[in-house]
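Participant: Got input-v9.txt for you, compact mmCIF, C-alpha atoms:
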# COMPACT_ATOMS: atom_id res chain seq x y z
CA MET X 4 7.58 -10.67 -30.10
CA VAL X 5 10.41 -8.34 -29.09
CA LYS X 6 8.67 -5.45 -30.86
CA ASN X 7 5.45 -6.13 -28.96
CA ILE X 8 7.30 -6.08 -25.64
CA THR X 9 9.02 -2.84 -26.64
CA ASP X 10 5.68 -1.28 -27.58
CA GLU X 11 4.11 -2.39 -24.31
CA ARG X 12 7.03 -0.97 -22.35
CA GLY X 13 6.71 2.28 -24.28
CA LYS X 14 3.05 2.55 -23.31
CA ALA X 15 3.88 1.77 -19.68
CA ARG X 16 6.64 4.40 -19.75
CA LYS X 17 4.20 7.03 -20.99
CA VAL X 18 1.91 6.22 -18.08
CA VAL X 19 4.58 6.37 -15.34
CA GLU X 20 6.14 9.54 -16.78
CA ASP X 21 2.85 11.39 -17.03
CA LYS X 22 2.47 14.33 -14.61
CA ASN X 23 -1.02 13.22 -13.62
CA PHE X 24 0.43 9.85 -12.58
CA ASP X 25 2.96 11.64 -10.38
CA TYR X 26 0.23 13.80 -8.85
CA LEU X 27 -1.82 10.68 -8.12
CA ILE X 28 1.11 9.05 -6.32
CA MET X 29 1.77 12.27 -4.40
CA PHE X 30 -1.88 12.39 -3.35
CA LEU X 31 -1.75 8.75 -2.19
CA ILE X 32 1.44 9.39 -0.22
CA CYS X 33 -0.17 12.40 1.50
CA MET X 34 -3.32 10.42 2.19
CA ASP X 35 -1.26 7.55 3.58
CA SER X 36 0.56 10.01 5.84
CA VAL X 37 -2.80 11.13 7.26
CA VAL X 38 -3.83 7.50 7.77
CA LEU X 39 -0.57 6.69 9.56
CA GLY X 40 -1.07 9.73 11.78
CA LEU X 41 -4.59 8.63 12.68
CA LEU X 42 -3.33 5.12 13.46
CA THR X 43 -1.15 6.57 16.22
CA ILE X 44 -4.21 7.97 18.03
CA GLY X 45 -5.47 4.55 19.05
CA PHE X 46 -9.20 4.64 18.36
CA THR X 47 -11.46 2.60 20.63
CA ASP X 48 -13.78 1.80 17.72
CA PRO X 49 -12.45 -1.44 16.15
CA SER X 50 -14.22 -0.81 12.84
CA LEU X 51 -12.56 2.58 12.41
CA ALA X 52 -9.15 1.14 13.25
CA LEU X 53 -9.72 -1.67 10.76
CA THR X 54 -10.76 0.82 8.06
CA LEU X 55 -7.59 2.84 8.57
CA PHE X 56 -5.48 -0.32 8.48
CA LEU X 57 -7.12 -1.43 5.22
CA LEU X 58 -6.57 2.01 3.67
CA ASP X 59 -2.90 1.79 4.63
CA ARG X 60 -2.68 -1.68 3.08
CA LEU X 61 -4.41 -0.40 -0.08
CA CYS X 62 -1.89 2.42 -0.43
CA MET X 63 0.90 -0.08 0.08
CA ALA X 64 -0.51 -2.32 -2.67
CA ILE X 65 -0.74 0.64 -5.08
CA PHE X 66 2.84 1.64 -4.32
CA ILE X 67 4.05 -1.90 -5.00
CA ALA X 68 2.07 -1.97 -8.27
CA GLU X 69 3.60 1.39 -9.20
CA MET X 70 7.09 0.06 -8.56
CA LEU X 71 6.48 -3.09 -10.60
CA MET X 72 5.07 -0.99 -13.44
CA LYS X 73 8.17 1.21 -13.47
CA MET X 74 10.48 -1.79 -13.38
CA TYR X 75 8.62 -3.25 -16.36
CA ALA X 76 8.58 0.08 -18.23
CA TYR X 77 12.28 0.85 -17.85
CA GLY X 78 13.70 -2.65 -17.67
CA PRO X 79 17.37 -2.75 -16.53
CA LYS X 80 17.54 1.05 -16.90
CA PHE X 81 15.30 1.25 -13.83
CA PHE X 82 18.32 0.67 -11.58
CA LYS X 83 20.35 3.48 -13.21
CA SER X 84 18.20 6.10 -11.48
CA GLY X 85 19.07 6.91 -7.87
CA TRP X 86 15.48 7.95 -7.19
CA ASN X 87 14.15 4.62 -8.47
CA ILE X 88 16.53 2.74 -6.18
CA PHE X 89 15.52 5.02 -3.30
CA ASP X 90 11.83 4.28 -3.97
CA LEU X 91 12.51 0.56 -4.23
CA VAL X 92 14.37 0.47 -0.90
CA VAL X 93 11.67 2.50 0.86
CA ILE X 94 8.85 0.34 -0.50
CA THR X 95 10.73 -2.87 0.32
CA VAL X 96 11.46 -1.79 3.90
CA SER X 97 7.92 -0.55 4.55
CA SER X 98 6.38 -3.71 3.09
CA LEU X 99 8.29 -6.11 5.33
CA PRO X 100 6.01 -8.24 7.54
CA ILE X 101 7.44 -6.64 10.68
CA ALA X 102 6.38 -3.23 9.32
CA SER X 103 2.76 -4.14 10.09
CA TYR X 104 3.64 -3.99 13.78
CA LEU X 105 6.18 -1.16 13.65
CA ILE X 106 4.57 1.98 12.29
CA VAL X 107 8.04 3.57 12.29
CA LEU X 108 9.01 1.43 9.30
CA ARG X 109 5.82 2.24 7.43
CA THR X 110 6.43 5.97 7.80
CA PHE X 111 9.50 5.56 5.56
CA ARG X 112 7.07 5.67 2.64
CA LEU X 113 6.49 9.36 3.34
CA PHE X 114 10.09 10.12 2.36
CA ARG X 115 9.10 9.34 -1.23
CA LEU X 116 7.65 12.84 -1.41
CA LEU X 117 11.24 14.10 -1.66
CA ARG X 118 11.54 12.89 -5.25
CA TYR X 119 8.71 15.20 -6.33
CA ILE X 120 10.38 18.34 -5.05
CA ASN X 121 11.39 19.34 -8.57
CA ARG X 122 7.71 19.74 -9.42
CA PHE X 123 7.53 22.80 -7.14
CA LYS X 124 10.02 25.62 -7.66
CA ALA X 125 9.68 27.03 -4.12
CA LEU X 126 10.44 23.66 -2.52
CA LYS X 127 13.31 23.05 -4.93
CA ASN X 128 14.86 26.43 -4.03
CA LEU X 129 14.45 25.65 -0.33
CA ILE X 130 16.22 22.30 -0.67
CA ASN X 131 19.00 23.91 -2.71
CA ILE X 132 19.53 26.47 0.06
CA LEU X 133 19.59 23.71 2.69
CA LEU X 134 22.16 21.76 0.68
CA MET X 135 24.23 24.89 0.21
CA ILE X 136 24.49 25.60 3.95
CA VAL X 137 25.35 22.00 4.90
CA PRO X 138 29.17 22.61 4.81
CA ASN X 139 28.82 25.77 6.93
CA PHE X 140 26.50 23.99 9.33
CA ALA X 141 28.91 21.05 9.65
CA ALA X 142 31.77 23.45 10.41
CA MET X 143 29.67 25.25 13.03
CA THR X 144 28.69 21.92 14.60
CA VAL X 145 32.33 20.87 14.93
CA VAL X 146 33.39 24.21 16.44
CA LEU X 147 30.40 24.29 18.80
CA GLY X 148 30.96 20.66 19.79
CA VAL X 149 34.60 21.25 20.70
CA PHE X 150 33.62 24.42 22.56
CA MET X 151 30.95 22.60 24.59
CA TYR X 152 33.28 19.69 25.27
CA VAL X 153 35.90 22.01 26.77
CA PHE X 154 33.32 23.87 28.87
CA ALA X 155 31.79 20.57 30.02
CA ILE X 156 35.17 19.43 31.36
CA MET X 157 35.57 22.79 33.10
CA ALA X 158 32.08 22.45 34.62
CA VAL X 159 32.80 18.96 35.98
CA CYS X 160 36.00 20.24 37.58
CA LEU X 161 34.39 23.39 39.00
CA PHE X 162 30.89 22.29 40.02
CA GLY X 163 30.82 18.50 39.77
CA ASP X 164 31.43 17.83 43.45
CA VAL X 165 28.29 19.73 44.46
CA PHE X 166 25.78 19.64 41.61
CA ILE X 167 24.54 16.44 40.00
CA GLU X 168 23.97 18.29 36.71
CA PHE X 169 27.74 18.49 36.35
CA ALA X 170 28.68 15.24 38.09
CA ASP X 171 30.10 13.68 34.89
CA LEU X 172 30.91 14.68 31.35
CA SER X 173 27.66 13.50 29.75
CA SER X 174 25.51 15.24 32.38
CA ALA X 175 27.52 18.44 31.99
CA MET X 176 27.12 18.31 28.19
CA PHE X 177 23.36 17.94 28.57
CA ALA X 178 23.20 20.86 31.02
CA LEU X 179 25.22 23.01 28.62
CA ILE X 180 22.92 22.09 25.74
CA GLN X 181 20.00 23.29 27.87
CA THR X 182 21.94 26.47 28.62
CA PHE X 183 22.70 26.90 24.92
CA SER X 184 18.99 26.61 24.08
CA LEU X 185 18.22 29.28 26.74
CA ASP X 186 15.48 27.02 28.12
CA GLY X 187 15.17 28.12 31.75
CA TRP X 188 18.94 28.01 32.19
CA ILE X 189 19.05 31.00 34.56
CA SER X 190 16.57 29.70 37.15
CA ASN X 191 17.27 25.97 36.75
CA ILE X 192 21.03 25.89 36.23
CA ALA X 193 22.87 29.18 36.70
CA ARG X 194 21.25 30.55 39.88
CA PRO X 195 21.48 27.29 41.90
CA VAL X 196 25.17 27.06 41.01
CA MET X 197 25.71 30.71 41.89
CA THR X 198 24.29 30.16 45.39
CA VAL X 199 27.32 27.96 46.12
CA PHE X 200 29.81 29.49 43.69
CA PRO X 201 29.08 33.27 43.54
CA TYR X 202 31.45 33.87 40.63
CA ALA X 203 29.91 31.13 38.48
CA TRP X 204 28.07 33.83 36.54
CA ILE X 205 31.34 34.57 34.74
CA TYR X 206 31.47 30.98 33.48
CA PHE X 207 27.88 30.99 32.24
CA LEU X 208 28.14 34.47 30.72
CA VAL X 209 31.25 33.53 28.75
CA PHE X 210 29.61 30.30 27.59
CA VAL X 211 26.37 31.94 26.45
CA MET X 212 28.07 34.89 24.75
CA THR X 213 30.59 32.70 22.92
CA SER X 214 27.85 30.30 21.82
CA PHE X 215 25.91 33.29 20.50
CA LEU X 216 28.96 34.49 18.55
CA ILE X 217 29.46 31.04 17.00
CA VAL X 218 25.84 30.85 15.85
CA THR X 219 25.93 34.46 14.61
CA SER X 220 29.08 33.70 12.62
CA PHE X 221 27.31 30.75 11.03
CA LEU X 222 24.30 32.88 10.04
CA LEU X 223 26.53 35.61 8.60
CA SER X 224 28.54 33.06 6.62
CA VAL X 225 25.33 31.64 5.16
CA ILE X 226 24.04 35.09 4.21
CA SER X 227 27.40 35.97 2.68
CA ALA X 228 27.45 32.75 0.64
CA MET X 229 23.90 33.34 -0.61
CA VAL X 230 24.66 36.94 -1.59
CA HIS X 231 27.86 35.86 -3.33
CA LYS X 232 26.02 33.16 -5.26
CA GLU X 233 23.24 35.56 -6.28
CA PHE X 234 25.80 38.15 -7.38
CA LYS X 235 27.66 35.51 -9.39
CA ILE X 236 24.46 34.42 -11.15
CA THR X 237 23.54 38.07 -11.90
CA SER X 238 27.02 38.74 -13.29
CA ASN X 239 26.83 35.73 -15.59
CA LEU X 240 23.54 37.02 -16.96
What is this file in structure tokens?

Facilitator:
Amino acid sequence: MVKNITDERGKARKVVEDKNFDYLIMFLICMDSVVLGLLTIGFTDPSLALTLFLLDRLCMAIFIAEMLMKMYAYGPKFFKSGWNIFDLVVITVSSLPIASYLIVLRTFRLFRLLRYINRFKALKNLINILLMIVPNFAAMTVVLGVFMYVFAIMAVCLFGDVFIEFADLSSAMFALIQTFSLDGWISNIARPVMTVFPYAWIYFLVFVMTSFLIVTSFLLSVISAMVHKEFKITSNL
């Protein structure tokens, strides 16, 4: 009896570990993403909307069957894999009854594509680069956040009595974020302030230039880290 169960689990394991099985699941996830996107359009044709809903439910049923098959194939070892737990949580959340009304919860299923990154070398390299720059990005975010916080306080003190954009700290931070993004900051923020405070250009120039230096330093640090890593790999070879 135990041997039969072991043999059956072995057969199930061969199925779930097969590349074609992975490609099938990837295809279904991509198809489900298209269906979820179409569901946001809001078609006036009830039959088309019903068809899309049924396709989404079908994909959900297949994903649940896939998860049950893997749990049967691996047994208790299923929970030793972080990816398996990730899949289980995503499927559980997206299959909750409330998920039928909140498409946001159902879109969590699309994150399952992340586990198949290793199948594609280019995507794997991209993710490795993103993970590598996370510490540098976090450091830049902290420095830039402190810098903006200081300049926001200065803006409230200098311009807050006249301009609503700098009336309080949160408004000033938002205005500085717009300035940092260079999205119409000259005509919408800087020039109106300069009509009342002629020397305000000094404030905005210092802010923009320093922000540019912080971002440039981040980019240079990332390039330096990548070159250093590549040189280290080449030296080891």

Participant: If you count only C-alpha atoms, which residues fall within 12 Å of X:Leu91, apart from same-chain ones fewer than 3 positions away, as a VMD selection string?

Facilitator: chain X and resid 66 to 74 81 to 82 84 to 88 94 to 98 111 to 112 114 to 115

Participant: Compile the contact shell of X:Met197 as a VMD selection string: residues with an atom at most 12 Å away, counting only C-alpha atoms, same-chain residues fewer than 6 positions apart removed.

Facilitator: chain X and resid 161 to 162 165 to 166 189 to 191 203 to 207

Participant: To one decimal place, how far is atom CA of X:Leu179 from atom CA of X:Leu222 in Å?

Facilitator: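 Atom CA of X:Leu179 sits 21.1 Å away from atom CA of X:Leu222.
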
Participant: At what distance in Å, to one decimal, does atom CA of X:Glu11 lie from atom CA of X:Asp90?

Facilitator: 22.8 Å

Participant: Calculate how many Å separate atom CA of X:Cys33 from atom CA of X:Leu57, rounding to one decimal.

Facilitator: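 Separation between atom CA of X:Cys33 and atom CA of X:Leu57: 15.9 Å.
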
Participant: Which is closest to X:Met212 among X:Phe177, X:Tyr75, X:Phe56, X:Phe183, if we use all atoms listed in the file?

Facilitator: X:Phe183

Participant: Around all listed atoms of stretch 224-233 of chain X, padded 4 Å per side, what centre and edge lengths does the axis-aligned box have in Å to one decimal, as AutoDock Vina command-line options?

Facilitator:
--center_x 25.9 --center_y 34.3 --center_z 0.2 --size_x 13.3 --size_y 13.3 --size_z 20.9

Participant: Out of X:Asn128, X:Ile180, X:Met157, X:Val211, which residue has the shortest atom-to-atom distance to X:Met229 when counting all atoms listed in the file?

Facilitator: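 Comparing X:Asn128, X:Ile180, X:Met157, X:Val211 against X:Met229, the winner is X:Asn128.
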
Participant: Looking at X:Ser36, X:Glu168, X:Phe221, X:Val209, which one is nearest to X:Ile192, with distances taken over all atoms listed in the file?

Facilitator: X:Glu168

Participant: Check the smallest atom-to-atom distance from each of X:Leu99, X:Ala125, X:Val159, X:Met34 to X:Leu61 using only C-alpha atoms, then report the winner.

Facilitator: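 Among X:Leu99, X:Ala125, X:Val159, X:Met34, it is X:Met34 that comes nearest to X:Leu61.
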
Participant: Restricting the calculation to only C-alpha atoms, which member of X:Val18, X:Arg12, X:Phe30, X:Val225 is positioned closest to X:Ile136?

Facilitator: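 For X:Ile136, the nearest of the candidates is X:Val225.
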
Participant: Considering all atoms listed in the file, can you say which of X:Leu216, X:Leu117, X:Ala178, X:Met135 comes closest to X:Ile32?

Facilitator: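 Checking each candidate against X:Ile32, we get X:Leu117 as the closest.
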
Participant: So that I can check the surroundings of stretch 48-55 of chain X, please list as a VMD selection string every protein, DNA and RNA residue that reaches within 12 Å of it, counting all atoms listed in the file and ignoring chain neighbours fewer than 5 positions away.

Facilitator: chain X and resid 34 to 43 60 to 62
